[in-house]
Amino acid sequence: MATAARSFHWKPHDVGRWIVWGGFALLLLVAPRIFSSGASLTMLSQMGYLMIICLSYNLLLGQGGMLSFGHAVYTGLGAFFAVHAMNLAGHGELPVPLPFIPLMGGLAGLVVAAILGYPSTKKAGTPFAMITLGVGELVYAMSLMFPEFFGGEGGISTNRVYEPKIFGWGFGPAQQVYYLIAVYCFVCTAAMYAFTRTPLGRMLNAVRDNPERVEFVGYDTQRVRYLAFMISGFFAGIGGSFIAINYEIVTAETVSAVRSGGYLLFTFLGGATFFFGPIIGAVLLVLSSVVLSEITPAWQIYLGFVFLFMVMYAPGGVASLIMMNLRVAAFGKLGRLWTAYLALGGLGAMLLVAVAAVVEIIYHLQLDSSGEGGVKFFGTTLDVARADTWVGLALATMVSAGLFELARRHFMHEWGEAQAEIEKEIKRREASL
């Protein structure tokens with residue numbers, strides 16, 4: 001008894017982690033109550049399954065350092081297997097209720113990843129990226145060559161409402177579909193986070209950072225990448241299944257390189273180096289493709305500018321910006337930066353408006369070959385036929401760009417001093433221990 005008492009150690013609960021996960025679950029629960037319109041529920045559903053897809057992709061990119069250009073293969077094939085399973089279940093040939101269809105899509109993604117992942121993970125770095133690109137193009141070509149499975153250009157349609165119902169839910173209403181996606185989103189997010197804390201997840205980080213040392217201590221780096229690839233394919237298949245459930249149709253575009261590029265782009269924008277970064281990226285993906293596309297037809301140009309800006313000034317994505325500012329706030333240095341932030345934000349908004357006006361005019365000229373008429377922009381009309389319009393926009397763009405650069409340099413100076421003080425304070429605390 002005395003020995004048992006001495007070996008017992010009390011470990012306090014991680015209150016912060018409970019708060020974060022509890023807040024995430026609460027947000028998923030109350031979101032449709034706040035945004036209850038049909039369009040809002042559709043967007044929330046898209047955000048839910050895209051979170052699963054982007055997090056699954058980040059198991060490769062962020063956790064394992066594997067840049068894949070073919071992730072849509074596993075989400076898309078998961079969607080196709082799910083839509084065929086739904087059709088079989090609807091005809092009474094497969095006794096699987098709708099809530100279990102995503103698991104079948106996940107198993108399909110796992111099997112496909114096991115087949116295609118073995119040769120893909122034989123290489124790392126650029127060769128791996130090129131192999132995934134080739135695999136993606138191969139599968140996309142096959143989707144047009146085998147209409148029996150892929151449905152040709154028209155795709156495969158289905159009906160998500162079939163027997164048996166679960167607790168009286170037929171999953172016809174959009175809100176019921178959202179809550180099904182929300183449950184899977186929470187469980188899959190927790191499962192992928194738990195994977196990153198396992199020995200395999202830690203070893204995957206080591207393979208990303210120093211594969212030579214991992215091999216030196218006796219681990220097979222290709223095997224670690226391969227296992228992570230299969231796990232990523234499983235969750236990608238689950239996320240892809242909800243494409244079939246949400247839209248009730250799956251087309252060849254689901255496995256295209258455009259989809260793979262979108263997952264890569266927004267995972268990077270959200271922040272691939274942080275676990276919650278892809279969640280931000282999924283939200284940005286829906287907002288840009290749904291909301292921004294409704295505001296302007298030139299939304300992809302703005303998306304390109306944002307990506308260029310993030311690569312140049314914030315390669316860690318939005319998540320890195322959040323974490324860096326939280327670090328500054330924790331050391332009480334955020335107050336000294338508010339004037340620099342105000343100047344940077346104000347001048348950045350001016351530059352954005354000027355650039356947006358130029359983009360809208362150029363886009364208008366591409367659509368209207370006559371070069372006449374006006375462009376409605378922020379409640380005013382810009383006459384594209386007048387020279388003073390072009391001169392004014394050119395001056396506004398150059399002046400705002402110059403002032404923004406001055407504000408950026410001032411901000412970086414203030415930021416550098418704040419970081420130096422933080423590092424000094426950290427060393428002081430370590431010395432006092």
# chains A, B, ... in the order shown; residues from 1 in each chain; ligands from 1
call {"tool": "residues_around", "arguments": {"residues": "Phe171 in chain A", "least_positions_apart": "6", "cutoff": "9 Å", "atoms": "only C-alpha atoms", "output": "ChimeraX atom specification"}}
result
/A:98,160-162,165,177,180
call {"tool": "closest_atom_pairs", "arguments": {"of": "range 67-165 of chain A", "to": "range 46-53 of chain A", "cutoff": "10 Å", "atoms": "only C-alpha atoms", "output": "CSV"}}
result
residue,atom,partner,partner_atom,distance
A:His71,CA,A:Ile53,CA,8.9
A:Ala72,CA,A:Ile53,CA,9.1
A:Tyr74,CA,A:Ile53,CA,9.7
A:Thr75,CA,A:Ile53,CA,7.3
call {"tool": "residues_around", "arguments": {"residues": "range 154-159 of chain A", "least_positions_apart": "6", "cutoff": "9 Å", "atoms": "only C-alpha atoms", "output": "PyMOL selection string"}}
result
chain A and resi 80+83-84+86-87+90+147+244-245+247-253
call {"tool": "write_last_selection", "arguments": {"atoms": "C-alpha atoms", "output": "short mmCIF file (atom, residue, chain, number, x, y, z; two decimals), in the first residue's frame"}}
result
data_model
loop_
_atom_site.label_atom_id
_atom_site.label_comp_id
_atom_site.auth_asym_id
_atom_site.auth_seq_id
_atom_site.Cartn_x
_atom_site.Cartn_y
_atom_site.Cartn_z
CA PHE A 80 -18.08 8.63 -55.83
CA VAL A 83 -22.90 8.27 -54.03
CA HIS A 84 -22.95 4.69 -55.35
CA MET A 86 -26.39 5.83 -51.37
CA ASN A 87 -27.99 4.66 -54.61
CA GLY A 90 -31.96 3.75 -51.71
CA PRO A 147 -18.67 6.62 -67.45
CA ALA A 244 -22.26 13.64 -52.32
CA ILE A 245 -24.61 13.99 -49.35
CA TYR A 247 -25.21 18.24 -53.22
CA GLU A 248 -26.72 14.82 -54.11
CA ILE A 249 -24.53 14.76 -57.24
CA VAL A 250 -20.85 14.05 -57.90
CA THR A 251 -19.10 14.97 -61.14
CA ALA A 252 -15.62 14.48 -62.58
CA GLU A 253 -14.69 17.98 -61.41
#
call {"tool": "residues_around", "arguments": {"residues": "Phe242 in chain A", "least_positions_apart": "4", "cutoff": "7 Å", "atoms": "only C-alpha atoms", "output": "ChimeraX atom specification"}}
result
/A:49,102,238,246
call {"tool": "write_last_selection", "arguments": {"atoms": "N, CA and C atoms", "output": "PDB file, in the first residue's frame"}}
result
ATOM      1  N   TYR A  49     -17.558  20.176 -43.876  1.00  0.00           N
ATOM      2  CA  TYR A  49     -16.818  19.086 -44.514  1.00  0.00           C
ATOM      3  C   TYR A  49     -15.498  19.559 -45.112  1.00  0.00           C
ATOM      4  N   PRO A 102     -20.634   8.159 -44.781  1.00  0.00           N
ATOM      5  CA  PRO A 102     -19.280   8.756 -44.763  1.00  0.00           C
ATOM      6  C   PRO A 102     -18.190   7.782 -44.345  1.00  0.00           C
ATOM      7  N   ILE A 238     -13.899  10.628 -45.979  1.00  0.00           N
ATOM      8  CA  ILE A 238     -15.054  11.037 -45.169  1.00  0.00           C
ATOM      9  C   ILE A 238     -15.536  12.421 -45.585  1.00  0.00           C
ATOM     10  N   ASN A 246     -24.329  16.384 -49.470  1.00  0.00           N
ATOM     11  CA  ASN A 246     -24.798  17.767 -49.458  1.00  0.00           C
ATOM     12  C   ASN A 246     -25.412  18.178 -50.804  1.00  0.00           C
TER      13      ASN A 246
END
call {"tool": "residues_around", "arguments": {"residues": "Leu55 in chain A", "least_positions_apart": "6", "cutoff": "10 Å", "atoms": "only C-alpha atoms", "output": "tab-separated table (two decimals) with N, CA and C atoms, in the first residue's frame"}}
result
chain	number	residue	atom	x	y	z
A	49	TYR	N	-17.56	20.18	-43.88
A	49	TYR	CA	-16.82	19.09	-44.51
A	49	TYR	C	-15.50	19.56	-45.11
A	61	LEU	N	0.81	17.96	-45.61
A	61	LEU	CA	1.59	19.17	-45.83
A	61	LEU	C	2.21	19.71	-44.54
A	62	GLY	N	1.38	19.99	-43.56
A	62	GLY	CA	1.89	20.62	-42.35
A	62	GLY	C	2.60	19.67	-41.41
A	188	CYS	N	-13.92	13.96	-36.29
A	188	CYS	CA	-12.74	13.83	-37.15
A	188	CYS	C	-11.64	14.82	-36.74
A	189	THR	N	-12.04	16.04	-36.37
A	189	THR	CA	-11.06	17.02	-35.92
A	189	THR	C	-10.35	16.53	-34.66
A	192	MET	N	-8.00	13.60	-35.60
A	192	MET	CA	-6.77	14.02	-36.27
A	192	MET	C	-5.85	14.75	-35.30
A	193	TYR	N	-6.43	15.50	-34.37
A	193	TYR	CA	-5.58	16.15	-33.36
A	193	TYR	C	-4.93	15.10	-32.47
A	232	SER	N	-4.52	10.05	-43.90
A	232	SER	CA	-5.02	11.25	-44.57
A	232	SER	C	-6.09	10.88	-45.60
A	235	PHE	N	-9.58	10.16	-43.87
A	235	PHE	CA	-10.34	11.35	-43.50
A	235	PHE	C	-10.75	12.17	-44.73
A	236	ALA	N	-9.92	12.14	-45.77
A	236	ALA	CA	-10.30	12.82	-47.02
A	236	ALA	C	-11.54	12.17	-47.62
A	239	GLY	N	-14.59	13.36	-45.71
A	239	GLY	CA	-14.96	14.71	-46.14
A	239	GLY	C	-15.58	14.72	-47.52
A	263	TYR	N	-7.60	23.04	-52.22
A	263	TYR	CA	-7.27	22.53	-50.88
A	263	TYR	C	-5.88	22.99	-50.46
A	267	THR	N	-5.40	25.73	-47.39
A	267	THR	CA	-4.69	25.19	-46.24
A	267	THR	C	-3.46	26.04	-45.93
A	272	ALA	N	-0.53	26.22	-42.46
A	272	ALA	CA	-0.23	24.78	-42.43
A	272	ALA	C	0.63	24.39	-41.24
A	275	PHE	N	-2.20	23.44	-36.16
A	275	PHE	CA	-3.27	22.47	-36.36
A	275	PHE	C	-4.57	23.16	-36.75
A	276	PHE	N	-4.89	24.29	-36.13
A	276	PHE	CA	-6.17	24.94	-36.41
A	276	PHE	C	-6.12	25.81	-37.67
A	277	GLY	N	-4.97	25.92	-38.32
A	277	GLY	CA	-4.86	26.73	-39.52
A	277	GLY	C	-5.78	26.27	-40.64
A	278	PRO	N	-5.83	24.95	-40.96
A	278	PRO	CA	-6.74	24.50	-42.01
A	278	PRO	C	-8.21	24.79	-41.72
A	279	ILE	N	-8.59	24.87	-40.45
A	279	ILE	CA	-9.97	25.23	-40.12
A	279	ILE	C	-10.27	26.65	-40.59
A	281	GLY	N	-8.62	28.09	-42.99
A	281	GLY	CA	-8.58	28.01	-44.44
A	281	GLY	C	-9.89	27.53	-45.04
A	282	ALA	N	-10.55	26.58	-44.39
A	282	ALA	CA	-11.84	26.09	-44.88
A	282	ALA	C	-12.89	27.19	-44.85
call {"tool": "residues_around", "arguments": {"residues": "Phe216 in chain A", "least_positions_apart": "5", "cutoff": "12 Å", "atoms": "only C-alpha atoms", "output": "list in words"}}
result
Ala206, Val207, Asn210, Pro211 and Thr221 of chain A
